[in-house]
$ cat work27.cif   # mmCIF, C-alpha atoms
data_model
#
loop_
_atom_site.group_PDB
_atom_site.id
_atom_site.type_symbol
_atom_site.label_atom_id
_atom_site.label_comp_id
_atom_site.auth_asym_id
_atom_site.auth_seq_id
_atom_site.Cartn_x
_atom_site.Cartn_y
_atom_site.Cartn_z
ATOM 1 C CA MET A 126 4.508 -28.067 -19.089
ATOM 2 C CA SER A 127 6.134 -25.012 -20.676
ATOM 3 C CA HIS A 128 7.115 -21.857 -18.792
ATOM 4 C CA THR A 129 4.378 -20.012 -20.710
ATOM 5 C CA PHE A 130 1.771 -22.170 -18.925
ATOM 6 C CA TYR A 131 3.052 -21.147 -15.462
ATOM 7 C CA ILE A 132 3.207 -17.458 -16.449
ATOM 8 C CA ALA A 133 -0.288 -17.515 -18.012
ATOM 9 C CA MET A 134 -1.753 -19.327 -14.980
ATOM 10 C CA SER A 135 -0.128 -16.841 -12.563
ATOM 11 C CA TYR A 136 -1.468 -13.784 -14.387
ATOM 12 C CA GLY A 137 -4.809 -15.546 -14.929
ATOM 13 C CA ILE A 138 -5.286 -16.334 -11.227
ATOM 14 C CA ALA A 139 -4.121 -12.856 -10.140
ATOM 15 C CA GLY A 140 -6.492 -11.261 -12.679
ATOM 16 C CA LEU A 141 -9.417 -13.492 -11.757
ATOM 17 C CA VAL A 142 -9.075 -12.918 -7.995
ATOM 18 C CA SER A 143 -8.675 -9.148 -8.537
ATOM 19 C CA LEU A 144 -11.730 -9.027 -10.812
ATOM 20 C CA CYS A 145 -13.770 -11.031 -8.282
ATOM 21 C CA LEU A 146 -12.798 -8.501 -5.579
ATOM 22 C CA ILE A 147 -13.689 -5.531 -7.784
ATOM 23 C CA GLY A 148 -17.004 -7.172 -8.770
ATOM 24 C CA TRP A 149 -17.872 -8.042 -5.171
ATOM 25 C CA VAL A 150 -17.197 -4.497 -3.900
ATOM 26 C CA TRP A 151 -19.090 -2.933 -6.832
ATOM 27 C CA LEU A 152 -22.149 -5.231 -6.515
ATOM 28 C CA ASP A 153 -22.211 -4.808 -2.728
ATOM 29 C CA GLY A 154 -22.154 -1.016 -3.119
ATOM 30 C CA ARG A 155 -24.942 -1.120 -5.709
ATOM 31 C CA ALA A 156 -27.123 -3.313 -3.456
ATOM 32 C CA ARG A 157 -26.597 -1.043 -0.424
ATOM 33 C CA ARG A 158 -27.375 2.092 -2.474
ATOM 34 C CA ARG A 159 -30.610 0.450 -3.677
ATOM 35 C CA GLU A 160 -31.618 -0.479 -0.108
ATOM 36 C CA LEU A 161 -30.974 3.069 1.117
ATOM 37 C CA ALA A 162 -33.013 4.479 -1.787
ATOM 38 C CA GLN A 163 -35.901 2.098 -0.986
ATOM 39 C CA LEU A 164 -35.866 3.153 2.682
ATOM 40 C CA GLU A 165 -35.800 6.813 1.697
ATOM 41 C CA ALA A 166 -38.703 6.248 -0.712
ATOM 42 C CA ALA A 167 -40.633 4.674 2.188
ATOM 43 C CA GLY A 168 -40.019 7.864 4.181
ATOM 44 C CA ILE A 169 -37.451 6.381 6.550
ATOM 45 C CA ARG A 170 -34.490 8.702 6.964
ATOM 46 C CA ARG A 171 -31.664 9.006 9.462
ATOM 47 C CA ARG A 172 -32.422 11.423 12.274
ATOM 48 C CA SER A 173 -29.399 13.572 11.333
ATOM 49 C CA ALA A 174 -30.536 13.645 7.685
ATOM 50 C CA THR A 175 -33.913 15.085 8.673
ATOM 51 C CA SER A 176 -32.458 17.693 11.062
ATOM 52 C CA PRO A 177 -33.304 21.271 9.974
ATOM 53 C CA ALA A 178 -29.749 22.715 10.409
ATOM 54 C CA PRO A 179 -27.680 22.171 7.256
ATOM 55 C CA GLU A 180 -24.231 20.609 7.664
ATOM 56 C CA GLY A 181 -21.540 23.283 8.009
ATOM 57 C CA GLY A 182 -24.167 26.037 7.912
ATOM 58 C CA LYS A 183 -24.235 29.087 10.158
ATOM 59 C CA ALA A 184 -25.676 28.640 13.620
ATOM 60 C CA MET B 212 -4.817 26.354 20.276
ATOM 61 C CA SER B 213 -3.515 25.154 16.884
ATOM 62 C CA GLU B 214 -3.109 21.620 18.299
ATOM 63 C CA SER B 215 -6.777 21.471 19.330
ATOM 64 C CA LEU B 216 -7.714 22.797 15.881
ATOM 65 C CA ALA B 217 -5.704 19.998 14.236
ATOM 66 C CA ILE B 218 -7.395 17.370 16.449
ATOM 67 C CA THR B 219 -10.830 18.835 15.594
ATOM 68 C CA LYS B 220 -10.031 18.729 11.867
ATOM 69 C CA LEU B 221 -8.784 15.111 12.155
ATOM 70 C CA SER B 222 -11.876 13.983 14.062
ATOM 71 C CA ASP B 223 -14.055 15.808 11.489
ATOM 72 C CA LEU B 224 -12.366 13.802 8.739
ATOM 73 C CA ALA B 225 -12.973 10.562 10.646
ATOM 74 C CA ASN B 226 -16.691 11.319 10.879
ATOM 75 C CA PRO B 227 -18.560 8.623 8.822
ATOM 76 C CA THR B 228 -20.665 11.208 6.937
ATOM 77 C CA ARG B 229 -17.587 13.223 6.001
ATOM 78 C CA PHE B 230 -15.817 9.984 5.065
ATOM 79 C CA LEU B 231 -18.659 9.156 2.647
ATOM 80 C CA GLY B 232 -18.333 12.594 1.035
ATOM 81 C CA LEU B 233 -14.564 12.233 0.754
ATOM 82 C CA ALA B 234 -14.870 8.666 -0.629
ATOM 83 C CA SER B 235 -17.266 9.709 -3.389
ATOM 84 C CA ARG B 236 -14.844 12.476 -4.406
ATOM 85 C CA VAL B 237 -11.603 10.436 -4.376
ATOM 86 C CA LEU B 238 -12.805 7.034 -5.651
ATOM 87 C CA PRO B 239 -13.064 7.996 -9.373
ATOM 88 C CA TRP B 240 -9.534 9.459 -9.247
ATOM 89 C CA LEU B 241 -8.103 6.463 -7.380
ATOM 90 C CA SER B 242 -9.748 4.061 -9.860
ATOM 91 C CA ALA B 243 -8.301 5.970 -12.822
ATOM 92 C CA VAL B 244 -4.786 6.085 -11.323
ATOM 93 C CA THR B 245 -4.990 2.335 -10.516
ATOM 94 C CA ALA B 246 -6.021 1.493 -14.104
ATOM 95 C CA ILE B 247 -3.200 3.637 -15.565
ATOM 96 C CA LEU B 248 -0.607 2.080 -13.230
ATOM 97 C CA PHE B 249 -1.767 -1.454 -14.123
ATOM 98 C CA ALA B 250 -1.609 -0.648 -17.848
ATOM 99 C CA ALA B 251 1.946 0.719 -17.447
ATOM 100 C CA GLY B 252 3.008 -2.114 -15.129
ATOM 101 C CA LEU B 253 1.686 -4.860 -17.412
ATOM 102 C CA TYR B 254 3.316 -3.234 -20.442
ATOM 103 C CA LEU B 255 6.689 -3.045 -18.663
ATOM 104 C CA SER B 256 6.294 -6.631 -17.346
ATOM 105 C CA PHE B 257 5.740 -8.106 -20.796
ATOM 106 C CA ALA B 258 8.093 -5.766 -22.705
ATOM 107 C CA GLY B 259 11.151 -6.806 -20.682
ATOM 108 C CA GLU B 260 13.428 -9.719 -21.495
ATOM 109 C CA GLY B 261 13.761 -12.871 -19.417
ATOM 110 C CA ASP B 262 16.304 -13.547 -16.699
ATOM 111 C CA TYR B 263 19.486 -15.422 -17.698
ATOM 112 C CA GLN B 264 18.673 -18.215 -15.207
ATOM 113 C CA GLN B 265 14.881 -18.157 -14.801
ATOM 114 C CA GLY B 266 13.992 -17.224 -18.361
ATOM 115 C CA LEU B 267 10.540 -15.694 -18.838
ATOM 116 C CA THR B 268 9.199 -17.117 -15.560
ATOM 117 C CA VAL B 269 10.721 -14.018 -13.920
ATOM 118 C CA ARG B 270 7.471 -12.338 -15.049
ATOM 119 C CA ILE B 271 5.631 -14.230 -12.286
ATOM 120 C CA MET B 272 7.602 -12.043 -9.844
ATOM 121 C CA TYR B 273 5.665 -8.951 -11.013
ATOM 122 C CA VAL B 274 2.395 -10.327 -9.594
ATOM 123 C CA HIS B 275 3.730 -12.588 -6.839
ATOM 124 C CA VAL B 276 5.906 -10.072 -4.974
ATOM 125 C CA PRO B 277 3.380 -7.153 -4.935
ATOM 126 C CA ALA B 278 0.630 -9.541 -3.744
ATOM 127 C CA ALA B 279 2.922 -10.868 -0.986
ATOM 128 C CA TRP B 280 3.841 -7.326 0.113
ATOM 129 C CA LEU B 281 0.171 -6.349 0.165
ATOM 130 C CA SER B 282 -0.803 -9.410 2.195
ATOM 131 C CA MET B 283 1.461 -8.058 4.959
ATOM 132 C CA MET B 284 0.606 -4.370 4.435
ATOM 133 C CA CYS B 285 -3.113 -5.133 4.649
ATOM 134 C CA TYR B 286 -2.612 -6.890 7.990
ATOM 135 C CA THR B 287 -0.570 -3.904 9.225
ATOM 136 C CA VAL B 288 -3.439 -1.567 8.237
ATOM 137 C CA MET B 289 -5.789 -3.889 10.163
ATOM 138 C CA ALA B 290 -3.501 -3.808 13.225
ATOM 139 C CA LEU B 291 -3.461 0.027 13.189
ATOM 140 C CA SER B 292 -7.264 0.029 12.869
ATOM 141 C CA ALA B 293 -7.489 -2.477 15.732
ATOM 142 C CA ILE B 294 -5.587 0.016 17.923
ATOM 143 C CA GLY B 295 -8.151 2.645 16.843
ATOM 144 C CA THR B 296 -10.949 0.297 17.920
ATOM 145 C CA LEU B 297 -9.477 -0.622 21.300
ATOM 146 C CA VAL B 298 -7.940 2.743 22.312
ATOM 147 C CA TRP B 299 -10.310 5.339 20.793
ATOM 148 C CA ARG B 300 -13.332 3.085 20.156
ATOM 149 C CA HIS B 301 -13.688 4.797 16.805
ATOM 150 C CA PRO B 302 -16.497 3.347 14.618
ATOM 151 C CA LEU B 303 -14.511 3.972 11.409
ATOM 152 C CA ALA B 304 -11.639 1.883 12.816
ATOM 153 C CA ASP B 305 -14.059 -1.086 13.231
ATOM 154 C CA VAL B 306 -15.221 -0.591 9.657
ATOM 155 C CA ALA B 307 -11.610 -0.338 8.425
ATOM 156 C CA HIS B 308 -10.384 -3.652 9.855
ATOM 157 C CA LYS B 309 -13.587 -5.523 9.040
ATOM 158 C CA THR B 310 -13.464 -4.525 5.358
ATOM 159 C CA ALA B 311 -9.684 -5.016 4.990
ATOM 160 C CA ALA B 312 -9.806 -8.718 5.988
ATOM 161 C CA PRO B 313 -11.361 -10.100 2.724
ATOM 162 C CA LEU B 314 -8.957 -7.943 0.686
ATOM 163 C CA GLY B 315 -5.990 -9.274 2.660
ATOM 164 C CA ALA B 316 -7.206 -12.850 2.219
ATOM 165 C CA ALA B 317 -7.496 -12.323 -1.562
ATOM 166 C CA PHE B 318 -3.982 -10.857 -1.889
ATOM 167 C CA THR B 319 -2.551 -13.661 0.260
ATOM 168 C CA LEU B 320 -4.317 -16.210 -1.949
ATOM 169 C CA ILE B 321 -2.738 -14.584 -5.037
ATOM 170 C CA ALA B 322 0.697 -14.674 -3.352
ATOM 171 C CA LEU B 323 0.317 -18.359 -2.395
ATOM 172 C CA ALA B 324 -1.022 -19.464 -5.801
ATOM 173 C CA THR B 325 1.510 -17.530 -7.888
ATOM 174 C CA GLY B 326 4.319 -18.599 -5.546
ATOM 175 C CA SER B 327 3.343 -22.211 -6.072
ATOM 176 C CA LEU B 328 3.204 -21.678 -9.861
ATOM 177 C CA TRP B 329 6.661 -20.071 -9.733
ATOM 178 C CA GLY B 330 8.041 -22.770 -7.450
ATOM 179 C CA LYS B 331 7.205 -25.707 -9.715
ATOM 180 C CA PRO B 332 9.430 -24.723 -12.693
ATOM 181 C CA MET B 333 12.161 -23.150 -10.481
ATOM 182 C CA TRP B 334 12.358 -25.483 -7.456
ATOM 183 C CA GLY B 335 10.758 -28.558 -8.983
ATOM 184 C CA THR B 336 7.939 -28.605 -6.429
ATOM 185 C CA TRP B 337 4.589 -26.853 -5.952
ATOM 186 C CA TRP B 338 4.941 -26.569 -2.181
ATOM 187 C CA VAL B 339 7.321 -27.105 0.742
ATOM 188 C CA TRP B 340 6.588 -26.545 4.408
ATOM 189 C CA ASP B 341 9.466 -24.099 4.866
ATOM 190 C CA ALA B 342 9.233 -21.152 7.275
ATOM 191 C CA ARG B 343 8.271 -18.490 4.686
ATOM 192 C CA LEU B 344 5.583 -20.523 2.915
ATOM 193 C CA THR B 345 4.142 -21.881 6.159
ATOM 194 C CA SER B 346 3.979 -18.456 7.852
ATOM 195 C CA VAL B 347 2.196 -16.954 4.808
ATOM 196 C CA PHE B 348 -0.234 -19.885 4.825
ATOM 197 C CA VAL B 349 -0.874 -19.189 8.540
ATOM 198 C CA LEU B 350 -1.563 -15.532 7.596
ATOM 199 C CA PHE B 351 -4.156 -16.737 5.056
ATOM 200 C CA LEU B 352 -5.851 -18.890 7.722
ATOM 201 C CA MET B 353 -5.822 -15.925 10.121
ATOM 202 C CA TYR B 354 -7.601 -13.762 7.549
ATOM 203 C CA LEU B 355 -10.250 -16.471 7.037
ATOM 204 C CA GLY B 356 -10.687 -16.868 10.809
ATOM 205 C CA LEU B 357 -11.145 -13.115 11.294
ATOM 206 C CA ILE B 358 -13.710 -12.931 8.453
ATOM 207 C CA ALA B 359 -15.657 -15.855 9.978
ATOM 208 C CA LEU B 360 -15.515 -14.422 13.511
ATOM 209 C CA ASN B 361 -16.667 -10.973 12.416
ATOM 210 C CA ARG B 362 -19.645 -12.427 10.574
ATOM 211 C CA ALA B 363 -20.552 -14.918 13.299
ATOM 212 C CA MET B 364 -21.484 -12.223 15.835
ATOM 213 C CA ASP B 365 -24.645 -10.115 15.662
ATOM 214 C CA ASP B 366 -23.324 -7.177 17.703
ATOM 215 C CA PRO B 367 -20.856 -5.304 15.408
ATOM 216 C CA GLY B 368 -19.255 -3.459 18.356
ATOM 217 C CA LYS B 369 -18.534 -6.651 20.276
ATOM 218 C CA ALA B 370 -17.296 -8.414 17.111
ATOM 219 C CA ALA B 371 -15.000 -5.481 16.337
ATOM 220 C CA ARG B 372 -13.422 -5.481 19.821
ATOM 221 C CA LEU B 373 -12.876 -9.248 19.811
ATOM 222 C CA CYS B 374 -11.428 -9.173 16.293
ATOM 223 C CA ALA B 375 -9.199 -6.214 17.238
ATOM 224 C CA ILE B 376 -7.637 -8.228 20.074
ATOM 225 C CA LEU B 377 -7.073 -11.222 17.779
ATOM 226 C CA ILE B 378 -5.602 -8.991 15.045
ATOM 227 C CA LEU B 379 -3.090 -7.506 17.492
ATOM 228 C CA VAL B 380 -2.136 -10.943 18.854
ATOM 229 C CA GLY B 381 -1.773 -12.270 15.288
ATOM 230 C CA PHE B 382 0.432 -9.326 14.274
ATOM 231 C CA VAL B 383 3.369 -11.302 15.689
ATOM 232 C CA ASN B 384 3.210 -13.317 12.440
ATOM 233 C CA ILE B 385 4.157 -10.291 10.268
ATOM 234 C CA PRO B 386 7.808 -9.975 11.451
ATOM 235 C CA ILE B 387 7.992 -13.798 11.395
ATOM 236 C CA ILE B 388 7.005 -13.750 7.691
ATOM 237 C CA LYS B 389 9.438 -10.928 6.900
ATOM 238 C CA PHE B 390 12.458 -12.397 8.712
ATOM 239 C CA SER B 391 11.668 -16.109 8.291
ATOM 240 C CA VAL B 392 14.124 -16.307 5.375
ATOM 241 C CA ASP B 393 16.906 -14.926 7.618
ATOM 242 C CA TRP B 394 16.072 -16.813 10.812
ATOM 243 C CA TRP B 395 15.608 -20.264 9.239
ATOM 244 C CA ASN B 396 17.109 -22.163 6.344
ATOM 245 C CA THR B 397 14.378 -21.911 3.708
ATOM 246 C CA LEU B 398 13.925 -22.950 0.088
ATOM 247 C CA HIS B 399 12.421 -19.507 -0.469
ATOM 248 C CA GLN B 400 15.078 -16.959 -1.401
ATOM 249 C CA PRO B 401 16.083 -14.193 1.069
ATOM 250 C CA ALA B 402 14.875 -10.595 0.631
ATOM 251 C CA SER B 403 16.190 -9.020 -2.563
ATOM 252 C CA VAL B 404 14.353 -5.675 -2.779
ATOM 253 C CA ILE B 405 13.765 -4.356 0.762
ATOM 254 C CA ARG B 406 17.089 -5.213 2.408
ATOM 255 C CA MET B 407 20.123 -3.590 4.022
ATOM 256 C CA GLY B 408 22.502 -2.374 1.313
ATOM 257 C CA GLY B 409 19.741 -1.763 -1.248
ATOM 258 C CA SER B 410 18.065 -3.911 -3.864
ATOM 259 C CA SER B 411 20.024 -6.755 -5.460
ATOM 260 C CA ILE B 412 17.687 -6.863 -8.478
ATOM 261 C CA ASP B 413 18.750 -5.351 -11.797
ATOM 262 C CA GLY B 414 17.002 -2.101 -12.758
ATOM 263 C CA SER B 415 15.349 -3.690 -15.804
ATOM 264 C CA PHE B 416 13.434 -6.064 -13.450
ATOM 265 C CA LEU B 417 13.063 -3.591 -10.584
ATOM 266 C CA ARG B 418 11.190 -0.936 -12.624
ATOM 267 C CA PRO B 419 8.220 -3.142 -13.676
ATOM 268 C CA LEU B 420 8.180 -4.675 -10.195
ATOM 269 C CA LEU B 421 7.872 -1.289 -8.476
ATOM 270 C CA VAL B 422 5.217 -0.046 -10.940
ATOM 271 C CA MET B 423 3.182 -3.231 -10.397
ATOM 272 C CA ALA B 424 3.642 -2.901 -6.615
ATOM 273 C CA LEU B 425 2.328 0.656 -6.796
ATOM 274 C CA ALA B 426 -0.608 -0.515 -8.968
ATOM 275 C CA PHE B 427 -1.527 -3.279 -6.484
ATOM 276 C CA THR B 428 -1.199 -0.818 -3.573
ATOM 277 C CA MET B 429 -3.535 1.659 -5.303
ATOM 278 C CA LEU B 430 -5.956 -1.204 -6.032
ATOM 279 C CA PHE B 431 -5.954 -2.097 -2.345
ATOM 280 C CA PHE B 432 -6.654 1.491 -1.203
ATOM 281 C CA THR B 433 -9.359 1.969 -3.872
ATOM 282 C CA LEU B 434 -11.131 -1.256 -2.900
ATOM 283 C CA HIS B 435 -10.672 -0.595 0.818
ATOM 284 C CA ILE B 436 -12.231 2.884 0.657
ATOM 285 C CA ALA B 437 -15.101 1.533 -1.503
ATOM 286 C CA ALA B 438 -15.655 -1.436 0.855
ATOM 287 C CA MET B 439 -15.606 0.898 3.885
ATOM 288 C CA ARG B 440 -18.231 3.087 2.195
ATOM 289 C CA ASN B 441 -20.361 -0.043 1.558
ATOM 290 C CA GLU B 442 -20.038 -1.121 5.205
ATOM 291 C CA ILE B 443 -21.109 2.326 6.455
ATOM 292 C CA TRP B 444 -24.145 2.142 4.142
ATOM 293 C CA ARG B 445 -24.879 -1.421 5.394
ATOM 294 C CA ARG B 446 -24.886 -0.183 9.006
ATOM 295 C CA ARG B 447 -27.120 2.740 8.063
ATOM 296 C CA VAL B 448 -29.558 0.375 6.326
ATOM 297 C CA SER B 449 -29.810 -1.862 9.413
ATOM 298 C CA ALA B 450 -30.119 1.177 11.736
ATOM 299 C CA GLN B 451 -32.903 2.623 9.567
ATOM 300 C CA ARG B 452 -34.667 -0.758 9.424
ATOM 301 C CA ARG B 453 -34.561 -0.966 13.228
ATOM 302 C CA MET B 454 -35.946 2.570 13.396
ATOM 303 C CA ALA B 455 -38.701 1.622 10.912
ATOM 304 C CA ALA B 456 -39.560 -1.455 12.989
ATOM 305 C CA ARG B 457 -39.811 0.699 16.130
ATOM 306 C CA MET B 458 -41.985 3.224 14.310
ATOM 307 C CA ALA B 459 -44.196 0.404 13.006
ATOM 308 C CA GLY B 460 -44.527 -0.902 16.575
ATOM 309 C CA ASP B 461 -45.566 2.546 17.826
ATOM 310 C CA LYS B 462 -48.018 3.237 14.964
ATOM 311 C CA PRO B 463 -49.838 0.076 13.780
ATOM 312 C CA GLY B 464 -51.010 1.808 10.540
ATOM 313 C CA LEU B 465 -47.411 2.334 9.357
ATOM 314 C CA THR B 466 -46.804 -1.380 8.765
ATOM 315 C CA THR B 467 -49.416 -1.449 6.022
ATOM 316 C CA GLU B 468 -48.122 1.829 4.599
ATOM 317 C CA MET B 469 -44.531 0.552 4.460
ATOM 318 C CA SER B 470 -45.371 -2.812 2.961
ATOM 319 C CA THR B 471 -46.930 -1.142 -0.069
#

$ encode --input "work27.cif" --output "structure tokens"
Amino acid sequence: MSHTFYIAMSYGIAGLVSLCLIGWVWLDGRARRRELAQLEAAGIRRRSATSPAPEGGKA
Amino acid sequence: MSESLAITKLSDLANPTRFLGLASRVLPWLSAVTAILFAAGLYLSFAGEGDYQQGLTVRIMYVHVPAAWLSMMCYTVMALSAIGTLVWRHPLADVAHKTAAPLGAAFTLIALATGSLWGKPMWGTWWVWDARLTSVFVLFLMYLGLIALNRAMDDPGKAARLCAILILVGFVNIPIIKFSVDWWNTLHQPASVIRMGGSSIDGSFLRPLLVMALAFTMLFFTLHIAAMRNEIWRRRVSAQRRMAARMAGDKPGLTTEMST
């Protein structure tokens, strides 16, 4: 096998694993955002999110 | 007075809600910087000439070495987070080491695979059980074990504490990996970049290597912050579902309302 094969395989594997990681993190984030939106649409919010005092607002 | 102010500001920053706000602001910038660094690093890697001994296979170094460095840096980040879990019981520390483990496993896999692909044309073998290769393989198994353990337990707090102890015990492997080439007679070459007396690599190879290392490091931090944000959302989803289940138990009519 030529040296080009080893170089191409190395960059190919590094690229593939990196892309899988990026894809996994992106898809996971999208799924979680959708779940949170569904819960909010059903009227279920975190207690702190429904508190009347705005974050960083004056007391 | 100023010390307490600094501690307050630091704990404010470590608040999960503030972390989410910060993550949404910095992630687009981090992603852009990572993409630019990879473009520059790949250009420099393929624009340079080959080594007088290794020929063009020296280009494997530009992905192998950064991945190997990151496999150790990721574990160090996990060890620092484990201290945060055990000493301060900080929820963000749990999230940090849980989400870093799959990233560390991926970078270690890249280091092992590219090392093997570099070893075959240079050493004449895909693999030898020398101290450096074996200790990195042990690191890979440790990452897999930590991922499995964290997902095997229902209580995230208990899983985090148990994993934190194992991470700190396993940290002994990091100096073993680093100094294995000095302590034992290995087929793997000794350190040539981070060593006493400076780098022994020529500038024409060092520049693309450092740019690629920076690109991989930025990729790690971008993915880690994004994965931490996802984990915080995941915990919020399960907390809100538990709350919804309690509400449904208290008010029987709500079950029908929610299912629609």

$ interface_residues --input "work27.cif" --of "chain B" --to "chain A" --cutoff "9 Å" --atoms "all atoms listed in the file" --output "VMD selection string"
chain B and resid 266 to 271 274 to 275 278 313 to 314 317 to 318 320 to 322 324 to 326 328 to 329 331 to 332 430 434 to 435 437 to 438 440 to 442 444 to 445 447 to 448 450 to 452 454 to 455 468 to 471

$ residues_around --input "work27.cif" --residues "B:Phe348" --least-positions-apart "3" --cutoff "12 Å" --atoms "all atoms listed in the file" --output "number ranges by chain"
B: 279, 282-283, 316, 318-324, 326-327, 338-345, 351-355, 384-385, 388

$ atom_distance --input "work27.cif" --atom1 "atom CA of B:Asp262" --atom2 "atom CA of B:Ser415"
9.9 Å

$ resolve_selection --input "work27.cif" --expression "the PyMOL selection byres ((chain B and resi 259) around 12)" --output "number ranges by chain"
B: 252-258, 260-262, 266-270, 273, 413-420

$ resolve_selection --input "work27.cif" --expression "the PyMOL selection byres ((chain B and resi 374) around 10)" --output "list of chain:residue names"
B:Met289, B:Ala293, B:Thr296, B:Asp305, B:His308, B:Lys309, B:Gly356, B:Leu357, B:Ile358, B:Leu360, B:Asn361, B:Gly368, B:Lys369, B:Ala370, B:Ala371, B:Arg372, B:Leu373, B:Ala375, B:Ile376, B:Leu377, B:Ile378, B:Leu379, B:Val380
